[in-house]
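For reference, final.csv is printed below; it contains CSV, C-alpha atoms.
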chain,number,residue,atom,x,y,z
A,1,MET,CA,-18.4,18.3,34.9
A,2,ALA,CA,-14.8,19.4,34.8
A,3,GLU,CA,-13.8,22.9,33.6
A,4,LEU,CA,-14.3,23.1,29.8
A,5,LEU,CA,-11.3,23.6,27.6
A,6,GLY,CA,-10.6,26.9,26.0
A,7,THR,CA,-10.6,27.4,22.3
A,8,PHE,CA,-6.9,27.6,22.0
A,9,GLU,CA,-6.4,24.5,24.2
A,10,GLN,CA,-8.7,22.6,21.9
A,11,ILE,CA,-6.8,23.7,18.8
A,12,VAL,CA,-3.5,22.6,20.4
A,13,LEU,CA,-4.9,19.3,21.5
A,14,LEU,CA,-6.4,18.7,18.0
A,15,ALA,CA,-3.0,19.5,16.5
A,16,VAL,CA,-1.3,16.9,18.7
A,17,LEU,CA,-4.0,14.4,17.8
A,18,SER,CA,-3.6,14.9,14.1
A,19,LEU,CA,0.2,14.8,14.2
A,20,GLU,CA,0.1,11.4,15.9
A,21,GLU,CA,3.6,10.0,16.3
A,22,GLU,CA,5.2,13.2,15.0
A,23,ALA,CA,3.7,15.6,17.6
A,24,TYR,CA,6.8,17.4,18.9
A,25,GLY,CA,6.9,21.1,19.8
A,26,ARG,CA,7.9,22.5,16.5
A,27,ALA,CA,5.5,20.4,14.5
A,28,VAL,CA,2.6,21.4,16.8
A,29,LEU,CA,3.6,25.0,16.5
A,30,ARG,CA,3.5,24.7,12.7
A,31,ASP,CA,0.3,22.8,12.6
A,32,VAL,CA,-1.4,25.3,14.9
A,33,GLN,CA,-0.2,28.2,12.8
A,34,GLU,CA,-1.2,26.6,9.5
A,35,ASN,CA,-4.7,25.7,10.6
A,36,SER,CA,-5.4,29.0,12.4
A,37,PRO,CA,-7.1,32.0,10.8
A,38,LYS,CA,-4.8,34.2,12.8
A,39,ALA,CA,-1.6,32.4,12.0
A,40,ARG,CA,0.7,35.4,12.1
A,41,THR,CA,-0.4,36.3,15.6
A,42,ILE,CA,0.2,32.9,17.1
A,43,SER,CA,3.6,32.8,18.8
A,44,ALA,CA,5.8,30.0,20.0
A,45,GLY,CA,5.4,31.3,23.5
A,46,ALA,CA,1.6,30.9,23.4
A,47,VAL,CA,1.8,27.4,22.0
A,48,TYR,CA,4.4,26.1,24.4
A,49,ALA,CA,2.7,27.6,27.4
A,50,THR,CA,-0.5,25.8,26.3
A,51,LEU,CA,1.3,22.6,25.8
A,52,GLU,CA,2.8,22.9,29.3
A,53,ARG,CA,-0.6,23.8,30.8
A,54,LEU,CA,-2.3,20.8,29.1
A,55,GLU,CA,0.5,18.5,30.4
A,56,THR,CA,0.0,19.9,33.9
A,57,LYS,CA,-3.7,19.1,33.6
A,58,LYS,CA,-2.7,15.6,32.5
A,59,LEU,CA,-4.6,16.1,29.2
A,60,LEU,CA,-1.3,15.5,27.4
A,61,ALA,CA,1.6,13.2,28.1
A,62,SER,CA,5.1,13.6,26.8
A,63,ARG,CA,8.3,11.7,26.2
A,64,LEU,CA,11.8,12.9,25.4
A,65,GLU,CA,13.8,11.7,22.4
A,66,ARG,CA,17.4,12.3,21.5
A,67,GLY,CA,17.9,15.3,19.2
A,68,THR,CA,19.3,15.3,15.7
A,69,PRO,CA,22.5,17.1,14.6
A,70,ALA,CA,20.3,19.9,13.1
A,71,ARG,CA,19.2,20.7,16.6
A,72,GLY,CA,22.7,20.6,18.0
A,73,GLY,CA,21.8,17.4,19.7
A,74,LEU,CA,19.1,19.1,21.8
A,75,PRO,CA,16.3,16.6,22.7
A,76,ARG,CA,12.8,16.6,21.3
A,77,ARG,CA,9.7,16.4,23.4
A,78,PHE,CA,6.9,14.4,21.8
A,79,TYR,CA,3.3,14.7,23.0
A,80,ARG,CA,0.3,12.5,22.9
A,81,VAL,CA,-3.3,13.1,24.0
A,82,THR,CA,-4.2,11.1,27.1
A,83,ALA,CA,-7.6,9.5,27.7
A,84,ALA,CA,-8.5,12.5,29.9
A,85,GLY,CA,-7.5,14.8,27.1
A,86,ALA,CA,-9.8,12.9,24.6
A,87,THR,CA,-12.6,13.1,27.2
A,88,ALA,CA,-12.1,16.8,27.7
A,89,LEU,CA,-12.2,17.4,23.9
A,90,ASN,CA,-15.4,15.4,23.6
A,91,GLU,CA,-17.0,17.3,26.4
A,92,ALA,CA,-16.0,20.6,24.9
A,93,ARG,CA,-17.4,19.7,21.6
A,94,GLY,CA,-20.6,18.3,23.1
A,95,ALA,CA,-21.1,21.4,25.2
A,96,LEU,CA,-20.7,23.7,22.2
A,97,GLU,CA,-23.0,21.6,20.0
A,98,LYS,CA,-25.6,21.6,22.8
A,99,ALA,CA,-25.3,25.4,23.1
A,100,TRP,CA,-25.7,25.9,19.4
A,101,ARG,CA,-28.6,23.6,18.9
A,102,GLY,CA,-31.6,25.3,17.3
A,103,LYS,CA,-29.6,28.4,16.4
A,104,ARG,CA,-29.1,29.6,12.9
A,105,TRP,CA,-25.5,29.9,11.8
A,106,PRO,CA,-23.8,32.2,10.8
A,107,LEU,CA,-25.5,34.7,13.2
A,108,GLU,CA,-26.9,37.8,11.7
A,109,ALA,CA,-25.7,41.1,13.2
A,110,MET,CA,-28.1,42.5,15.8
A,111,VAL,CA,-28.8,46.2,15.2
B,1,MET,CA,22.9,21.5,3.8
B,2,ASN,CA,25.8,20.3,5.9
B,3,GLU,CA,26.6,21.1,9.4
B,4,SER,CA,29.3,23.7,8.7
B,5,GLU,CA,27.0,25.7,6.3
B,6,ARG,CA,24.1,25.9,8.8
B,7,ILE,CA,23.5,29.2,10.4
B,8,ASN,CA,22.7,29.1,14.1
B,9,PRO,CA,20.7,31.7,16.1
B,10,PRO,CA,23.0,34.2,17.8
B,11,ALA,CA,24.4,32.7,21.0
B,12,TRP,CA,23.1,35.6,23.1
B,13,MET,CA,19.5,35.0,21.9
B,14,GLU,CA,19.7,31.4,22.8
B,15,ALA,CA,21.2,32.3,26.2
B,16,VAL,CA,18.3,34.7,26.8
B,17,LEU,CA,15.8,32.1,25.7
B,18,ARG,CA,17.2,29.6,28.1
B,19,ARG,CA,16.9,32.1,30.9
B,20,LEU,CA,13.2,32.5,30.2
B,21,LEU,CA,12.4,28.8,30.2
B,22,SER,CA,11.9,26.4,33.0
B,23,ALA,CA,14.3,23.5,33.3
B,24,HIS,CA,11.5,21.2,32.1
B,25,ASP,CA,11.5,22.7,28.6
B,26,ARG,CA,14.8,24.5,28.4
B,27,GLU,CA,16.5,22.1,26.0
B,28,THR,CA,13.6,21.0,23.9
B,29,ILE,CA,12.2,24.4,23.1
B,30,ALA,CA,15.7,25.8,22.4
B,31,GLY,CA,16.1,22.8,20.0
B,32,ASP,CA,12.7,23.4,18.3
B,33,LEU,CA,13.4,27.0,17.7
B,34,ARG,CA,16.9,26.3,16.4
B,35,GLU,CA,15.5,23.8,14.0
B,36,GLU,CA,12.9,26.4,12.7
B,37,PHE,CA,15.6,29.0,12.6
B,38,HIS,CA,17.7,26.9,10.2
B,39,ASP,CA,14.8,26.4,7.9
B,40,ARG,CA,13.9,30.1,7.9
B,41,ALA,CA,17.5,31.2,7.4
B,42,ALA,CA,17.8,28.8,4.4
B,43,SER,CA,14.6,29.9,2.8
B,44,ARG,CA,14.3,33.6,3.7
B,45,GLY,CA,17.8,34.6,4.8
B,46,ALA,CA,19.5,35.1,8.1
B,47,GLY,CA,18.0,38.6,8.7
B,48,SER,CA,14.5,37.3,8.5
B,49,ALA,CA,15.3,34.3,10.7
B,50,ILE,CA,16.8,36.6,13.3
B,51,LEU,CA,13.7,38.8,13.3
B,52,TRP,CA,11.5,35.7,13.6
B,53,TYR,CA,13.7,34.4,16.5
B,54,LEU,CA,13.5,37.8,18.3
B,55,ARG,CA,9.7,37.8,18.0
B,56,GLN,CA,9.5,34.3,19.5
B,57,LEU,CA,11.9,35.4,22.3
B,58,GLY,CA,9.5,38.2,23.1
B,59,SER,CA,6.6,35.8,23.2
B,60,PHE,CA,8.4,33.9,26.0
B,61,MET,CA,8.8,37.0,28.1
B,62,PRO,CA,5.5,36.7,30.0
B,63,HIS,CA,6.2,33.1,30.7
B,64,GLY,CA,9.8,33.9,31.8
B,65,LEU,CA,8.6,36.7,34.1
B,66,LYS,CA,6.0,34.4,35.6
B,67,PHE,CA,8.6,31.8,36.2
B,68,PHE,CA,11.0,34.3,37.7
B,69,PHE,CA,8.4,35.9,40.0
B,70,GLY,CA,6.9,32.4,40.6
B,71,LEU,CA,10.0,31.8,42.6
B,72,ARG,CA,8.1,32.2,45.8
B,73,TYR,CA,10.8,31.0,48.0
B,74,PRO,CA,11.7,34.3,49.6
B,75,LEU,CA,8.0,35.0,50.4
B,76,PRO,CA,7.7,32.6,53.4
B,77,TYR,CA,10.9,34.0,54.9
B,78,LEU,CA,9.7,37.5,54.5
B,79,CYS,CA,6.3,36.7,56.0
B,80,SER,CA,7.9,34.9,58.9
B,81,PHE,CA,10.2,37.9,59.5
B,82,THR,CA,7.5,40.6,59.3
B,83,GLY,CA,5.3,38.4,61.4
B,84,LEU,CA,7.9,38.2,64.1
B,85,CYS,CA,8.5,41.9,63.8
B,86,ALA,CA,4.8,42.5,64.3
B,87,LEU,CA,4.8,40.3,67.4
B,88,TRP,CA,7.8,42.3,68.8
B,89,LEU,CA,6.1,45.7,67.9
B,90,GLY,CA,2.9,44.5,69.5
B,91,ALA,CA,4.7,43.4,72.7
B,92,MET,CA,6.5,46.8,72.8
B,93,ASP,CA,3.2,48.6,72.3
B,94,LEU,CA,1.6,46.8,75.2
B,95,ARG,CA,4.6,47.3,77.4
B,96,LEU,CA,4.9,51.0,76.7
B,97,HIS,CA,1.2,51.6,76.8
B,98,HIS,CA,1.1,52.9,73.2
B,99,PRO,CA,-2.3,53.9,71.7
B,100,ILE,CA,-4.5,51.0,70.6
B,101,SER,CA,-4.2,52.1,67.0
B,102,GLN,CA,-0.5,51.1,67.0
B,103,LEU,CA,-1.3,47.7,68.5
B,104,ALA,CA,-3.9,47.3,65.7
B,105,ILE,CA,-1.2,48.0,63.1
B,106,ALA,CA,1.0,45.3,64.6
B,107,GLY,CA,-2.0,43.0,64.5
B,108,CYS,CA,-2.6,43.8,60.8
B,109,ILE,CA,1.0,43.0,59.9
B,110,LEU,CA,0.9,39.7,61.8
B,111,SER,CA,-2.5,38.7,60.2
B,112,GLN,CA,-1.2,39.6,56.8
B,113,ALA,CA,1.9,37.4,57.3
B,114,LEU,CA,-0.2,34.5,58.6
B,115,VAL,CA,-2.8,34.7,55.8
B,116,THR,CA,0.0,34.8,53.1
B,117,LEU,CA,1.7,31.8,54.7
B,118,ALA,CA,-1.6,30.0,54.8
B,119,ALA,CA,-2.3,30.9,51.2
B,120,LEU,CA,1.1,29.6,50.1
B,121,ARG,CA,0.6,26.4,52.0
B,122,LEU,CA,-3.0,25.6,51.6
B,123,ARG,CA,-3.6,27.3,48.2
B,124,TYR,CA,-7.3,28.0,48.7
B,125,LYS,CA,-8.8,30.7,46.6
B,126,ILE,CA,-10.3,32.6,49.5
B,127,LEU,CA,-6.9,32.7,51.3
B,128,ARG,CA,-5.3,34.0,48.1
B,129,TYR,CA,-7.8,36.7,47.7
B,130,LEU,CA,-7.5,37.7,51.3
B,131,ALA,CA,-3.8,37.9,51.1
B,132,MET,CA,-3.9,40.0,47.9
B,133,LEU,CA,-6.5,42.3,49.4
B,134,GLY,CA,-4.3,42.7,52.5
B,135,CYS,CA,-1.4,43.6,50.4
B,136,THR,CA,-3.0,46.9,49.3
B,137,THR,CA,-3.3,47.8,53.0
B,138,MET,CA,0.2,46.8,53.7
B,139,LEU,CA,1.5,48.8,50.7
B,140,TRP,CA,-0.3,51.9,52.1
B,141,LEU,CA,1.0,51.2,55.6
B,142,SER,CA,4.6,50.7,54.5
B,143,GLY,CA,4.3,53.9,52.3
B,144,THR,CA,3.0,55.9,55.2
B,145,ALA,CA,5.7,54.5,57.5
B,146,LEU,CA,8.4,55.3,55.0
B,147,VAL,CA,7.3,58.8,54.6
B,148,GLY,CA,6.9,59.2,58.4
B,149,VAL,CA,10.5,57.9,59.0
B,150,LEU,CA,12.0,60.1,56.3
B,151,ARG,CA,10.2,63.2,57.4
B,152,GLY,CA,10.5,62.6,61.2
B,153,ASN,CA,13.1,64.2,63.4
B,154,ASP,CA,14.2,60.9,64.9
B,155,PHE,CA,15.5,58.3,62.4
B,156,GLU,CA,13.9,55.0,63.3
B,157,GLY,CA,15.9,52.5,61.4
B,158,TYR,CA,13.9,49.4,62.5
B,159,ILE,CA,10.6,51.0,61.2
B,160,LEU,CA,12.3,51.8,57.9
B,161,LEU,CA,13.5,48.2,57.6
B,162,ILE,CA,10.1,46.7,58.5
B,163,ALA,CA,8.3,49.1,56.1
B,164,LEU,CA,10.7,48.2,53.3
B,165,LEU,CA,10.4,44.5,53.9
B,166,LEU,CA,6.6,44.8,54.1
B,167,ALA,CA,6.6,46.6,50.7
B,168,VAL,CA,8.7,43.9,49.1
B,169,GLN,CA,6.5,41.2,50.7
B,170,SER,CA,3.4,42.9,49.4
B,171,VAL,CA,4.7,43.2,45.8
B,172,LEU,CA,6.0,39.6,45.9
B,173,THR,CA,2.6,38.4,47.2
B,174,LEU,CA,0.8,40.3,44.4
B,175,VAL,CA,2.9,38.8,41.6
B,176,THR,CA,3.2,35.3,43.1
B,177,LEU,CA,-0.2,34.4,44.4
B,178,PRO,CA,-2.3,34.8,41.2
B,179,TRP,CA,-0.1,32.0,39.7
B,180,LEU,CA,-0.6,29.5,42.5
B,181,ARG,CA,-2.9,26.6,41.6
B,182,SER,CA,-5.8,25.4,43.6
B,183,PRO,CA,-5.5,22.3,45.8
B,184,GLY,CA,-7.0,20.1,43.1
B,185,ASN,CA,-4.0,20.9,40.8
B,186,ARG,CA,-1.4,21.0,43.6
B,187,ALA,CA,0.4,17.9,42.6
B,188,SER,CA,1.1,19.3,39.2
B,189,ALA,CA,1.8,22.8,40.1

Encoded form (structure tokens):
Amino acid sequence: MAELLGTFEQIVLLAVLSLEEEAYGRAVLRDVQENSPKARTISAGAVYATLERLETKKLLASRLERGTPARGGLPRRFYRVTAAGATALNEARGALEKAWRGKRWPLEAMV
Amino acid sequence: MNESERINPPAWMEAVLRRLLSAHDRETIAGDLREEFHDRAASRGAGSAILWYLRQLGSFMPHGLKFFFGLRYPLPYLCSFTGLCALWLGAMDLRLHHPISQLAIAGCILSQALVTLAALRLRYKILRYLAMLGCTTMLWLSGTALVGVLRGNDFEGYILLIALLLAVQSVLTLVTLPWLRSPGNRASA
């Protein structure tokens, strides 16, 4: 089995998945921040580094589109989850479900 | 809001940001942050937007430093040079019948250069770890040599040069090799 995805990688992949055709950098950043319990601590650097890493791992693919005047004409990079990305997400979820099977949740503090 | 009313991030901040980004994302990330800056400036004021932009800029620092130090191009040249120096030192040690310990030092320098070159080329974990482990020895060795040259009665310029280059090579190795990817990911690295 390939290396399992980290939690943050899963969050970013899921954000790209949910944004569908609108998944460009800023939208992903906003989505991740809005859906994270630690929104304030999530910086653009962390999200873009993860996007780059996922693209390097071929779990994401991207395409460039011409920028709007609001961006000073700077291009937008749109992302989509690849088949390998979907498989990795499935594996990560499957592994967690398997590990949690038979355990009560939420866990009680062990004293 | 029309184009003329829109407040842009300060030019120097955008310039710093571009410096921190790789060519792949330079334009797109700068555009994303500019877009977000406009929205924040319109809703919360320019001051708040500038603070937000500064924070984001800070978050790209580790990536930028990694990118900067990831420029491993000087490393092969340094390793080749120190390797050749070690060969020359070794040859001189043999010719002048120096103690075996000096020959061993030349051997260590040569081995370190070869292992680092191999780690850069082949990118196997074991080679990376060996090269990084060797760096600690090289740093100690170059430090000792530097102190020896500076305290000695005869100024040995070539030893000073080799020691300095060895120190730079070791530091570059330590900051570069951890970011190298394994052979499986080499195509995308």

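If you look at CA of Leu54 (chain A) and CA of Met13 (chain B), they are 27.0 Å away from each other.
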
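Taking all atoms listed in the file into account, Ala104 (chain B) lies nearest to B:Ala91 out of the set B:Phe37, B:Ala119, B:Ala91, B:Tyr158.
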
Within 6 Å of chain B, which residues of chain A come that close, and what is the closest atom pair and distance in Å for each? Count all atoms listed in the file and give it as a Markdown table.
| residue | atom | partner | partner_atom | distance |
| --- | --- | --- | --- | --- |
| A:Arg26 | CA | B:Asp32 | CA | 5.2 |
| A:Ala44 | CA | B:Gln56 | CA | 5.7 |
| A:Gly45 | CA | B:Ser59 | CA | 4.7 |
| A:Thr56 | CA | B:Ser188 | CA | 5.4 |
| A:Arg71 | CA | B:Gly31 | CA | 5.1 |
| A:Leu74 | CA | B:Gly31 | CA | 5.1 |
| A:Pro75 | CA | B:Thr28 | CA | 5.3 |
| A:Arg76 | CA | B:Thr28 | CA | 5.2 |

Of the listed residues B:Leu94, B:Pro99, B:Leu122, B:Leu177, that which approaches Cys135 (chain B) most closely, counting all atoms listed in the file: B:Leu177

What is the distance, in Å and to one decimal place, between CA of Ala86 (chain B) and CA of Arg123 (chain B)? 23.7 Å

I want to know what sits within 9 Å of Arg40 (chain B), based on only C-alpha atoms, with residues of the same chain fewer than 5 positions away left out; could you give that as an NGL selection string? :B and (35 or 45-46 or 48-50 or 52)

Please list as a PyMOL selection string every residue within 10 Å of region 6-9 of chain A, counting all atoms listed in the file and excluding residues in the same chain fewer than 5 positions away. chain A and resi 14-15+32+36+46-47+50-51+53-54+59+89+92

Take CA of Leu4 (chain A) and CA of Ala88 (chain A) and report the distance between them in Å, one decimal. 7.0 Å

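Of the residues listed (A:Leu107, A:Lys98, A:Ile11, A:Pro69), A:Ile11 shows the shortest atom-to-atom separation from Glu34 (chain A); distances use all atoms listed in the file.
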
Between A:Arg104, A:Lys57, A:Lys38, A:Arg80, single out the one closest to Glu3 (chain A), counting all atoms listed in the file. A:Lys57

Contacts of Ala86 (chain A) at 12 Å or less, counting all atoms listed in the file, minus same-chain residues fewer than 4 places along, as number ranges by chain? A: 5, 10, 13-14, 16-17, 54, 58-61, 80-82, 90-93

At a cut-off of 9 Å, using all atoms listed in the file, what residues contact Cys108 (chain B)? Leave out same-chain residues fewer than 3 positions from it and give the result as an mmCIF file with C-alpha atoms, keeping the file's coordinate frame.
data_model
loop_
_atom_site.group_PDB
_atom_site.id
_atom_site.type_symbol
_atom_site.label_atom_id
_atom_site.label_comp_id
_atom_site.auth_asym_id
_atom_site.auth_seq_id
_atom_site.Cartn_x
_atom_site.Cartn_y
_atom_site.Cartn_z
ATOM 1 C CA ALA B 86 4.800 42.500 64.300
ATOM 2 C CA LEU B 103 -1.300 47.700 68.500
ATOM 3 C CA ALA B 104 -3.900 47.300 65.700
ATOM 4 C CA ILE B 105 -1.200 48.000 63.100
ATOM 5 C CA SER B 111 -2.500 38.700 60.200
ATOM 6 C CA GLN B 112 -1.200 39.600 56.800
ATOM 7 C CA ALA B 113 1.900 37.400 57.300
ATOM 8 C CA GLY B 134 -4.300 42.700 52.500
ATOM 9 C CA THR B 137 -3.300 47.800 53.000
ATOM 10 C CA MET B 138 0.200 46.800 53.700
#

Counting only C-alpha atoms, what is within 8 Å of Leu166 (chain B), bar same-chain residues fewer than 5 positions away, as a VMD selection string? chain B and resid 78 82 138 to 139 142
